[in-house]
Amino acid sequence: MDRGIPANAPGRSGNVLHLFFILPTFETVELQKSEWDSSCTSYRRLEAPAEELRALSTWVHKWRTQYLALRGQLTASTKRNELSPAERLASLLRQQPFPIELETPIATAEDIQLCSAWANLQPQNFSTTEQGVEALALSLGDYDAARLLSARLAERTALAYYRNIYGHAVDVSITQLRERRSEWITHDIETLYPVDVKNARPSFNGKGRYVEHCIPKHKEARNLGEVTLFGVRSLYIAKPEALSIGGHKAVALGEVKLSEIRQVANWADRRFDGIFSASGLCQTKKIPGWLFDYPKVHYPAREEAFQLAEKILSESSKEKIPTILPGWTYVTAGHISPAHTKGLPESKIRIIHDLRHAISHCGLSKRTLIIYMIGGTLESLLRDKDPQEFLRGVNWALSPSNSALANFGLLDPLGYLESFLSLTRSLGAGLREIVKDIHSFRLVSPFILQALRKSRPEPLTVVAYCGGWHAIRNVRCGKLPLVYGDVESCSACSRLVCNECGSCQDGCDAQSVRQQRLWDQYRAQGW
């Protein structure tokens with residue numbers, strides 16, 4: 001709204017609380033009468049009791065979802081006679097009204113005080129934000145000061161994201177400073193559900209996609225159930241003072257619950273029983289970016305698109321010679337029969353049914369598709385089939401020529417699906433020579449895949465990332481992916497060797513010798 005309620009409006013006497021909705025963001029602002037003027041040009045934000053705001057947010061979210069759906073239907077109906085079915089599909093899946101690349105907020109004095117509390121420093125009062133940043137860096141060093149400030153700004157970025165999509169979100173984290181509440185121990189944000197924000201910054205050799213989110217424990221919010229984890233990828237800013245002036249971008253990676261990760265792991269263990277175990281997804285305290293995905297509100301026209309795909313599929317199957325449609329059409333249709341898949345090779349029909357089964361049990365997400373890619377590639381290898389044929393079928397199902405339809409319309413700003421298609425192609429080629437000696441595979445963490453061999457008791461690492469330290473650059477290396485066949489395996493510990501920094505496993509005798517040789521080479525080249 002752009003106008004306040006006049007001070008003499010009927011029923012507005014006294015210092016009453018009013019709730020305003022700011023359109024088009026639908027953010028709620030609570031004001032006492034004494035705190036707004038006749039034009040509502042200035043106001044101070046207050047916080048109502050959490051249970052009232054949750055109820056209000058639920059109503060706003062329901063109303064807003066209906067509004068977006070109706071707007072999408074009206075837009076689609078006006079163009080219905082102008083677009084082909086494929087163009088209509090693309091138009092529907094392009095309807096993603098909420099930004100995922102957000103401006104990082106400028107650090108405030110309160111943010112610095114919160115970072116000091118995280119670091120168990122004595123609270124101090126600063127006349128300027130710059131002085132606060134300088135004092136934080138003096139106490140912790142530039143690296144840790146920048147890391148903590150980045151984490152705090154990621155929380156505020158997540159607040160902006162949730163206020164965009166749901167209209168309301170409460171900053172619980174900051175209550176550690178100013179209120180006697182304990183909710184901040186379990187979560188950082190409260191919106192329709194409790195949210196714990198996980199910030200990540202790319203590593204030196206991570207190609208922009210390497211992120212890890214440390215999860216100290218499985219959090220449960222009292223009376224609210226399981227906490228949702230929300231991932232933010234922030235830029236790597238080395239100097240903390242740079243974070244106090246703004247001008248940076250952060251990417252919202254989406255959200256996930258640990259129960260949803262277990263769901264995917266359990267499905268893979270059943271589907272690839274005896275071949276590939278994904279239970280390691282649940283045995284880690286670190287979560288990679290590819291396990292996060294966006295809530296359904298991000299895709300307001302998805303269901304309409306899938307209904308249209310089913311209609312196209314049904315009409316095609318009535319033809320004497322059915323048209324071969326993009327693979328995702330078969331996967332997302334509510335019902336398919338042998339008549340629908342007539343003319344398709346058996347290998348593609350198997351992929352269609354696998355993906356339909358996976359999505360029905362685990363939901364449509366990048367993590368579901370990626371785990372299926374990995375399991376199917378390893379299954380093809382152990383059953384003496386060409387993994388490249390399997391991956392061509394997966395690519396057919398995920399990536400039609402129209403990019404708006406690719407990957408079922410899932411947002412993938414860091415390119416995880418393309419990256420894993422490339423990784424599994426390399427893995428399938430690299431393991432061909434030793435596959436006769438392998439009886440199964442296990443994912444020991446979301447970052448590490450091992451092969452269990454028939455001839456030797458110790459597992460062979462076949463996919464990993466580098467967790468070593470790049471001594472010449474004086475940074476954590478973080479190179480990924482390290483794939484068997486592309487890099488060598490250490491003869492002493494059977495871990496993959498990073499060709500950038502020479503790391504394999506901490507404590508391995510061969511590692512120190514190898515790294516010394518590599519450092520000598522770097523120095524000889526003038527590094």
# chains A, B, ... in the order shown; residues from 1 in each chain; ligands from 1

call {"tool": "residues_around", "arguments": {"residues": "A:Arg514", "least_positions_apart": "5", "cutoff": "10 Å", "atoms": "only C-alpha atoms", "output": "PyMOL selection string"}}
result
chain A and resi 490+497+501-504+509+519

call {"tool": "select_by_dssp", "arguments": {"residues": "stretch 270-327 of chain A", "states": "helix (DSSP H, G or I)", "output": "list in words"}}
result
Arg270, Arg271, Ser279, Gly280, Leu281, Cys282, Gly289, Trp290, Leu291, Lys296, Val297, His298, Arg302, Glu303, Glu304, Ala305, Phe306, Gln307, Leu308, Ala309, Glu310, Lys311, Ile312, Leu313, Ser314, Glu315, Ser316, Ser317 and Gly327 of chain A

call {"tool": "select_by_dssp", "arguments": {"residues": "stretch 222-369 of chain A", "states": "strand (DSSP E or B)", "output": "PyMOL selection string"}}
result
chain A and resi 225-226+228-234+249-256+276-277+286-288+293

call {"tool": "residues_around", "arguments": {"residues": "stretch 114-131 of chain A", "least_positions_apart": "5", "cutoff": "7 Å", "atoms": "only C-alpha atoms", "output": "compact mmCIF listing (two decimals) with all heavy atoms, in the first residue's frame"}}
result
# COMPACT_ATOMS: atom_id res chain seq x y z
N THR A 108 25.86 -4.46 9.41
CA THR A 108 25.51 -3.42 10.37
C THR A 108 26.27 -3.64 11.68
O THR A 108 26.89 -4.70 11.88
CB THR A 108 24.00 -3.44 10.67
OG1 THR A 108 23.69 -4.68 11.34
CG2 THR A 108 23.19 -3.34 9.39
N ALA A 109 26.19 -2.68 12.58
CA ALA A 109 26.84 -2.82 13.88
C ALA A 109 26.27 -4.02 14.64
O ALA A 109 27.00 -4.74 15.33
CB ALA A 109 26.64 -1.54 14.69
N LEU A 136 36.85 -6.64 14.98
CA LEU A 136 36.60 -8.07 14.79
C LEU A 136 37.78 -8.74 14.10
O LEU A 136 38.22 -9.83 14.49
CB LEU A 136 35.32 -8.26 13.97
CG LEU A 136 34.75 -9.67 13.89
CD1 LEU A 136 34.25 -10.14 15.25
CD2 LEU A 136 33.61 -9.73 12.86
N LEU A 148 32.81 -15.31 9.43
CA LEU A 148 31.66 -15.10 10.29
C LEU A 148 30.72 -14.02 9.73
O LEU A 148 29.49 -14.17 9.76
CB LEU A 148 32.11 -14.72 11.70
CG LEU A 148 32.81 -15.82 12.50
CD1 LEU A 148 33.23 -15.29 13.87
CD2 LEU A 148 31.91 -17.03 12.66
N LEU A 149 31.30 -12.93 9.22
CA LEU A 149 30.46 -11.89 8.63
C LEU A 149 29.71 -12.42 7.41
O LEU A 149 28.53 -12.11 7.22
CB LEU A 149 31.32 -10.69 8.23
CG LEU A 149 31.60 -9.65 9.31
CD1 LEU A 149 32.60 -8.63 8.81
CD2 LEU A 149 30.30 -8.96 9.74
N ILE A 174 19.19 -13.07 15.43
CA ILE A 174 19.58 -11.83 16.10
C ILE A 174 19.06 -11.77 17.53
O ILE A 174 19.57 -10.99 18.35
CB ILE A 174 19.08 -10.61 15.29
CG1 ILE A 174 19.91 -9.36 15.63
CG2 ILE A 174 17.61 -10.36 15.51
CD1 ILE A 174 21.35 -9.44 15.20
N LEU A 177 21.14 -11.69 20.80
CA LEU A 177 21.68 -10.46 21.39
C LEU A 177 20.68 -9.72 22.27
O LEU A 177 21.03 -9.22 23.33
CB LEU A 177 22.15 -9.50 20.29
CG LEU A 177 23.36 -9.89 19.46
CD1 LEU A 177 23.64 -8.79 18.44
CD2 LEU A 177 24.57 -10.11 20.34
N GLU A 241 36.49 -6.01 5.70
CA GLU A 241 36.00 -4.64 5.49
C GLU A 241 35.20 -4.52 4.19
O GLU A 241 34.33 -3.66 4.05
CB GLU A 241 37.15 -3.63 5.50
CG GLU A 241 38.25 -3.90 4.49
CD GLU A 241 39.39 -4.72 5.08
OE1 GLU A 241 39.14 -5.44 6.08
OE2 GLU A 241 40.51 -4.64 4.55

call {"tool": "closest_residue", "arguments": {"among": "A:Ser399, A:Asn164, A:Asn499, A:Thr368", "to": "A:Arg262", "atoms": "only C-alpha atoms"}}
result
A:Thr368
